[in-house]
file input12.tsv (TSV, C-alpha atoms)
chain	number	residue	atom	x	y	z
M	1	MET	CA	203.01	173.55	127.47
M	2	ILE	CA	200.66	171.04	125.84
M	3	LYS	CA	202.70	168.44	123.96
M	4	GLN	CA	202.41	167.93	120.21
M	5	SER	CA	201.22	164.36	120.80
M	6	GLU	CA	198.31	165.63	122.95
M	7	LEU	CA	197.11	168.47	120.70
M	8	ILE	CA	197.86	167.56	117.11
M	9	LEU	CA	197.90	170.35	114.52
M	10	ASN	CA	197.93	170.16	110.74
M	11	PRO	CA	200.75	171.84	108.76
M	12	ASP	CA	198.54	174.92	108.24
M	13	GLY	CA	198.04	175.32	111.99
M	14	SER	CA	194.50	173.95	112.04
M	15	VAL	CA	193.33	171.42	114.62
M	16	TYR	CA	193.83	167.87	113.42
M	17	HIS	CA	190.37	166.38	112.89
M	18	LEU	CA	188.22	169.45	112.29
M	19	ASN	CA	190.67	171.19	109.94
M	20	LEU	CA	189.80	174.54	111.55
M	21	ARG	CA	191.73	177.57	112.77
M	22	PRO	CA	190.34	179.93	115.43
M	23	GLU	CA	189.15	182.54	112.94
M	24	HIS	CA	187.01	179.97	111.13
M	25	ILE	CA	184.37	179.53	113.85
M	26	ALA	CA	181.72	181.69	115.47
M	27	ASN	CA	180.87	181.68	119.17
M	28	ASP	CA	177.43	180.29	118.29
M	29	ILE	CA	177.68	176.81	116.81
M	30	ILE	CA	175.01	174.41	115.60
M	31	PHE	CA	175.77	170.69	115.60
M	32	VAL	CA	174.19	168.19	113.24
M	33	GLY	CA	175.08	164.54	112.89
M	34	ASP	CA	175.03	164.08	109.12
M	35	GLN	CA	177.40	166.15	106.97
M	36	ASN	CA	174.61	166.48	104.38
M	37	ARG	CA	172.50	168.34	106.94
M	38	VAL	CA	174.98	171.22	107.26
M	39	GLU	CA	173.70	172.89	104.10
M	40	LYS	CA	170.09	172.22	105.14
M	41	ILE	CA	170.81	174.88	107.77
M	42	THR	CA	173.18	177.21	105.93
M	43	GLN	CA	170.75	177.43	103.00
M	44	PHE	CA	168.89	179.91	105.21
M	45	PHE	CA	172.02	182.07	105.75
M	46	ASP	CA	172.41	185.46	104.11
M	47	THR	CA	176.09	184.78	103.36
M	48	ILE	CA	178.62	181.98	103.88
M	49	GLU	CA	182.18	183.11	104.58
M	50	PHE	CA	183.97	179.82	105.15
M	51	SER	CA	183.53	176.14	104.38
M	52	THR	CA	185.70	173.10	104.95
M	53	GLN	CA	185.43	169.36	105.40
M	54	LYS	CA	187.71	166.61	106.69
M	55	ARG	CA	186.30	163.11	107.09
M	56	GLU	CA	182.77	163.38	108.48
M	57	PHE	CA	183.46	166.80	110.01
M	58	LYS	CA	182.03	169.50	107.75
M	59	THR	CA	181.89	173.13	108.88
M	60	GLN	CA	180.33	176.22	107.35
M	61	THR	CA	180.37	179.67	108.96
M	62	GLY	CA	178.22	182.55	107.81
M	63	ILE	CA	175.74	185.27	108.69
M	64	TYR	CA	172.05	184.84	109.49
M	65	LYS	CA	170.14	188.09	110.05
M	66	GLY	CA	173.27	189.81	111.28
M	67	LYS	CA	174.34	186.92	113.56
M	68	ARG	CA	177.57	185.03	112.84
M	69	ILE	CA	176.92	181.30	113.23
M	70	SER	CA	178.88	178.13	112.48
M	71	VAL	CA	177.25	174.84	111.52
M	72	MET	CA	179.20	171.62	111.99
M	73	SER	CA	178.57	167.93	111.41
M	74	THR	CA	179.83	165.73	114.21
M	75	GLY	CA	179.22	162.30	112.76
M	76	ILE	CA	177.68	159.59	114.92
M	77	GLY	CA	178.31	158.74	118.55
M	78	PRO	CA	179.90	159.95	121.79
M	79	ASP	CA	183.43	159.15	120.59
M	80	ASN	CA	183.07	161.72	117.79
M	81	ILE	CA	181.70	164.25	120.26
M	82	ASP	CA	184.85	163.79	122.33
M	83	ILE	CA	186.88	164.88	119.30
M	84	VAL	CA	184.63	167.75	118.23
M	85	VAL	CA	184.09	169.48	121.60
M	86	ASN	CA	187.71	169.14	122.72
M	87	GLU	CA	189.04	170.54	119.44
M	88	LEU	CA	186.51	173.39	119.43
M	89	ASP	CA	187.57	174.27	122.96
M	90	ALA	CA	191.21	174.21	121.88
M	91	LEU	CA	190.42	176.69	119.11
M	92	VAL	CA	189.10	179.30	121.54
M	93	ASN	CA	190.85	178.53	124.82
M	94	ILE	CA	194.36	177.38	123.88
M	95	ASP	CA	196.97	179.54	122.15
M	96	LEU	CA	197.86	177.20	119.30
M	97	LYS	CA	201.27	178.85	118.79
M	98	THR	CA	202.51	178.74	122.39
M	99	ARG	CA	200.41	175.63	123.25
M	100	GLN	CA	199.39	177.27	126.51
M	101	PRO	CA	195.82	177.61	127.85
M	102	LYS	CA	194.63	181.21	127.62
M	103	GLU	CA	194.16	183.26	130.78
M	104	LYS	CA	190.80	184.58	129.56
M	105	LEU	CA	188.52	181.73	128.55
M	106	THR	CA	185.71	181.84	125.99
M	107	SER	CA	182.34	180.12	126.41
M	108	LEU	CA	180.83	178.81	123.20
M	109	ASN	CA	177.09	178.38	122.66
M	110	ILE	CA	176.47	174.94	121.17
M	111	ILE	CA	173.05	173.78	119.98
M	112	ARG	CA	172.46	170.35	118.53
M	113	ILE	CA	169.62	170.03	116.02
M	114	GLY	CA	168.50	166.51	115.25
M	115	THR	CA	165.60	164.23	114.51
M	116	SER	CA	164.27	161.58	116.84
M	117	GLY	CA	161.40	159.31	117.70
M	118	SER	CA	159.35	160.02	120.80
M	119	LEU	CA	159.00	157.41	123.53
M	120	GLN	CA	155.89	159.07	124.99
M	121	ALA	CA	152.36	158.89	123.52
M	122	ASP	CA	151.58	162.54	124.35
M	123	ILE	CA	154.57	163.92	122.41
M	124	PRO	CA	153.22	163.90	118.85
M	125	VAL	CA	155.05	163.78	115.56
M	126	ASP	CA	156.15	167.16	114.16
M	127	SER	CA	156.63	168.54	117.68
M	128	PHE	CA	159.94	169.75	119.15
M	129	VAL	CA	161.75	168.26	122.14
M	130	MET	CA	164.36	170.02	124.27
M	131	SER	CA	166.71	167.84	126.27
M	132	LYS	CA	166.53	169.15	129.83
M	133	PHE	CA	169.00	166.41	130.79
M	134	GLY	CA	171.30	164.12	128.87
M	135	LEU	CA	171.40	160.57	130.26
M	136	GLY	CA	174.61	158.90	129.13
M	137	LEU	CA	174.55	155.12	128.77
M	138	ASP	CA	177.82	155.10	126.83
M	139	ASN	CA	180.68	155.45	129.40
M	140	MET	CA	182.73	157.86	127.28
M	141	LEU	CA	182.42	160.72	129.75
M	142	ARG	CA	183.58	158.50	132.61
M	143	SER	CA	187.12	158.98	131.32
M	144	TYR	CA	186.87	162.48	132.84
M	145	LEU	CA	186.23	163.77	136.38
M	146	ILE	CA	182.52	164.51	136.18
M	147	ASP	CA	181.19	164.46	139.73
M	148	GLU	CA	180.89	168.26	139.91
M	149	VAL	CA	178.66	168.48	136.83
M	150	SER	CA	176.57	165.29	137.04
M	151	ASN	CA	173.23	164.70	138.74
M	152	THR	CA	173.90	161.71	140.97
M	153	ALA	CA	170.36	161.59	142.39
M	154	LEU	CA	168.86	161.14	138.95
M	155	GLU	CA	171.56	158.58	138.09
M	156	ASP	CA	170.78	156.56	141.22
M	157	ALA	CA	167.04	156.64	140.50
M	158	PHE	CA	167.58	155.40	136.95
M	159	ILE	CA	169.90	152.61	138.08
M	160	LEU	CA	167.36	151.45	140.65
M	161	HIS	CA	164.36	151.70	138.30
M	162	THR	CA	165.99	149.74	135.48
M	163	ASN	CA	167.95	147.30	137.65
M	164	TRP	CA	170.96	148.49	135.66
M	165	ASP	CA	173.82	146.01	135.30
M	166	ILE	CA	176.77	148.02	136.61
M	167	ARG	CA	179.16	145.88	134.55
M	168	LYS	CA	178.06	148.07	131.64
M	169	GLY	CA	179.35	151.09	133.53
M	170	ARG	CA	177.54	153.71	135.61
M	171	PRO	CA	175.12	155.93	133.65
M	172	TYR	CA	175.74	159.67	133.95
M	173	VAL	CA	173.29	162.58	133.86
M	174	ILE	CA	174.18	166.15	132.83
M	175	PRO	CA	171.74	169.11	132.67
M	176	CYS	CA	171.44	171.46	129.70
M	177	SER	CA	172.61	175.06	129.74
M	178	GLU	CA	170.08	177.22	131.58
M	179	LYS	CA	171.20	180.21	129.51
M	180	LEU	CA	170.37	178.52	126.20
M	181	GLU	CA	167.22	176.96	127.62
M	182	LYS	CA	165.84	180.43	128.37
M	183	ILE	CA	166.74	181.69	124.87
M	184	ILE	CA	165.18	178.78	122.98
M	185	GLU	CA	162.23	177.60	125.08
M	186	SER	CA	158.58	178.20	124.23
M	187	ASP	CA	155.20	176.72	125.12
M	188	LYS	CA	155.40	174.59	121.98
M	189	ILE	CA	158.55	172.74	123.04
M	190	PHE	CA	158.40	169.59	125.17
M	191	LYS	CA	161.15	169.03	127.71
M	192	GLY	CA	162.52	165.81	129.08
M	193	ILE	CA	165.49	163.49	129.43
M	194	THR	CA	167.34	162.38	126.32
M	195	ALA	CA	169.10	159.02	126.66
M	196	THR	CA	172.40	158.73	124.80
M	197	ALA	CA	173.48	155.25	123.74
M	198	GLY	CA	176.94	154.17	122.65
M	199	GLY	CA	175.62	152.26	119.64
M	200	PHE	CA	172.65	151.93	117.32
M	201	TYR	CA	171.71	148.27	117.57
M	202	GLY	CA	172.14	146.40	120.87
M	203	PRO	CA	172.70	149.56	122.96
M	204	GLN	CA	169.32	150.85	121.76
M	205	GLY	CA	167.51	147.55	122.22
M	206	ARG	CA	167.57	146.39	118.59
M	207	VAL	CA	167.99	142.66	118.03
M	208	LEU	CA	169.25	141.20	114.76
M	209	ARG	CA	171.32	138.04	115.32
M	210	LEU	CA	172.69	138.83	118.77
M	211	ASN	CA	170.82	138.60	122.05
M	212	ILE	CA	171.13	141.67	124.27
M	213	GLN	CA	171.86	141.98	127.98
M	214	ASP	CA	168.47	143.50	128.94
M	215	SER	CA	165.67	143.04	126.42
M	216	ALA	CA	163.26	144.99	128.66
M	217	LEU	CA	165.44	148.09	129.05
M	218	ASN	CA	163.54	150.23	126.53
M	219	SER	CA	160.19	149.58	128.19
M	220	LYS	CA	161.70	150.37	131.58
M	221	MET	CA	163.05	153.64	130.21
M	222	ASP	CA	159.63	154.48	128.77
M	223	ASN	CA	158.04	154.61	132.23
M	224	PHE	CA	160.93	156.14	134.16
M	225	ASN	CA	160.04	159.38	135.92
M	226	PHE	CA	162.18	161.54	138.18
M	227	ASN	CA	160.63	164.71	139.61
M	228	ASP	CA	158.27	164.85	136.61
M	229	HIS	CA	161.16	164.44	134.15
M	230	ARG	CA	160.55	161.59	131.68
M	231	ILE	CA	162.82	160.04	129.09
M	232	THR	CA	161.51	161.53	125.86
M	233	ASN	CA	163.87	160.11	123.25
M	234	LEU	CA	166.93	157.96	122.60
M	235	GLU	CA	169.90	158.91	120.42
M	236	MET	CA	173.74	158.91	120.40
M	237	GLU	CA	175.22	162.35	121.15
M	238	THR	CA	173.39	164.63	123.60
M	239	ALA	CA	174.74	163.49	126.98
M	240	ALA	CA	178.32	163.59	125.69
M	241	ILE	CA	177.81	167.13	124.35
M	242	TYR	CA	176.33	168.26	127.67
M	243	GLY	CA	179.07	166.63	129.73
M	244	LEU	CA	182.09	167.94	127.85
M	245	SER	CA	180.53	171.38	127.44
M	246	SER	CA	179.83	171.62	131.18
M	247	LEU	CA	183.35	170.50	132.08
M	248	LEU	CA	184.94	172.98	129.67
M	249	GLY	CA	182.68	175.93	130.51
M	250	HIS	CA	180.56	176.03	127.34
M	251	ASN	CA	176.78	176.26	126.99
M	252	ALA	CA	175.02	173.35	125.31
M	253	LEU	CA	171.45	172.53	124.33
M	254	SER	CA	169.99	169.67	122.30
M	255	LEU	CA	166.81	170.00	120.22
M	256	ASN	CA	165.00	167.35	118.22
M	257	ALA	CA	162.22	167.41	115.68
M	258	ILE	CA	160.01	164.42	116.49
M	259	ILE	CA	159.37	162.55	113.24
M	260	ALA	CA	158.05	159.31	114.76
M	261	ASN	CA	156.11	158.27	117.85
M	262	ARG	CA	156.96	154.78	118.97
M	263	ALA	CA	154.14	154.60	121.52
M	264	SER	CA	151.42	155.36	118.96
M	265	GLY	CA	153.19	153.86	115.95
M	266	THR	CA	152.86	157.06	113.92
M	267	PHE	CA	155.32	158.74	111.54
M	268	SER	CA	155.38	162.32	110.26
M	269	GLU	CA	153.70	162.86	106.91
M	270	ASP	CA	156.36	165.46	106.07
M	271	PRO	CA	159.48	165.01	108.24
M	272	TYR	CA	161.50	167.47	106.12
M	273	LYS	CA	159.02	170.22	106.91
M	274	ALA	CA	159.29	169.50	110.65
M	275	VAL	CA	163.08	169.70	110.51
M	276	ASP	CA	163.06	172.94	108.51
M	277	GLU	CA	160.66	174.50	111.00
M	278	LEU	CA	162.96	173.56	113.89
M	279	ILE	CA	165.96	174.97	112.02
M	280	THR	CA	164.36	178.33	111.29
M	281	TYR	CA	162.91	178.54	114.80
M	282	THR	CA	166.38	177.96	116.31
M	283	LEU	CA	168.15	180.35	113.95
M	284	ASN	CA	165.66	183.11	114.72
M	285	LYS	CA	166.06	182.60	118.46
M	286	LEU	CA	169.87	182.77	118.14
M	287	ALA	CA	169.58	185.92	116.04
M	288	GLY	CA	167.33	187.49	118.67
M	289	ASN	CA	164.18	187.48	116.53
call {"tool": "encode", "arguments": {"input": "input12.tsv", "output": "structure tokens"}}
result
Amino acid sequence: MIKQSELILNPDGSVYHLNLRPEHIANDIIFVGDQNRVEKITQFFDTIEFSTQKREFKTQTGIYKGKRISVMSTGIGPDNIDIVVNELDALVNIDLKTRQPKEKLTSLNIIRIGTSGSLQADIPVDSFVMSKFGLGLDNMLRSYLIDEVSNTALEDAFILHTNWDIRKGRPYVIPCSEKLEKIIESDKIFKGITATAGGFYGPQGRVLRLNIQDSALNSKMDNFNFNDHRITNLEMETAAIYGLSSLLGHNALSLNAIIANRASGTFSEDPYKAVDELITYTLNKLAGN
């Protein structure tokens, strides 16, 4: 039996951080970072059956063209992803009354929708990027046993190419769900490696008043290539989502609307339109349209 200190429940039986019970979520779940983006997706729903929020974790579940979908804000960073994915898994794969793992396990479909800047000149603003791999620079996933789900060859190539300081921890690489990739992909979507940092400033190469360990890291990432896979963008969640989902038997995919291109110095003239187009594209694919 899983101890109360390990899986904390609220007085109403909901999981501690997300404030959800099993009946509140669909098997198809869309992640966003910002709680204010939840309704940017559910505004397209036909109906909304449930809504709740605790801290930065806001969830709405409803129907889009006959498909039951949940939309959830995760907040920022791999540490929040650790909370969200573990508690979602508990909702479907642990009997919350007996505190025993279920014999028959459920696989969730998790798609992250975000915005990002492209690192590559040929990936223009207003395009879509699918993360074929998540490259974790954050160390969170190293708390788990990940050798069976990680791509050590790609990790080794990245460490060698960037002259990575191993005192920062060993980067990890996790592939996306092939099932979701086939559902979502199209000729219009670019694919590549999404790097996941553990912070916004120094970990992503930004310098304010503190010097950083490797000021050339971003430029080295820009020209990294492994079997024709390039690093397309840099953010703070994807690799953690891929890693925990793979370990727990869920399907995960990360999509970004490109609103800026760092290589060309351009920015989308209408970033909201690009995001809405990615949202409706993803919803239609999930609904089988």
call {"tool": "closest_residue", "arguments": {"input": "input12.tsv", "among": "M:Leu7, M:Phe158, M:Ile29, M:Lys40", "to": "M:Ile83", "atoms": "only C-alpha atoms"}}
result
M:Leu7
call {"tool": "closest_residue", "arguments": {"input": "input12.tsv", "among": "M:Arg142, M:His17, M:Arg112, M:Arg99", "to": "M:Ile184", "atoms": "only C-alpha atoms"}}
result
M:Arg112
call {"tool": "axis_aligned_box", "arguments": {"input": "input12.tsv", "around": "stretch 222-239 of chain M", "padding_each_side": "8 Å", "output": "AutoDock Vina command-line options"}}
result
--center_x 166.6 --center_y 159.7 --center_z 130.0 --size_x 33.2 --size_y 26.4 --size_z 35.2
call {"tool": "closest_residue", "arguments": {"input": "input12.tsv", "among": "M:Met140, M:Ala197, M:Val173, M:Ile111", "to": "M:Ile69", "atoms": "only C-alpha atoms"}}
result
M:Ile111
call {"tool": "closest_residue", "arguments": {"input": "input12.tsv", "among": "M:Asp95, M:Glu181, M:Asp138, M:Glu155", "to": "M:Met1", "atoms": "all atoms listed in the file"}}
result
M:Asp95
call {"tool": "closest_residue", "arguments": {"input": "input12.tsv", "among": "M:Leu180, M:Leu9, M:Ile231, M:Val125", "to": "M:Lys273", "atoms": "all atoms listed in the file"}}
result
M:Val125
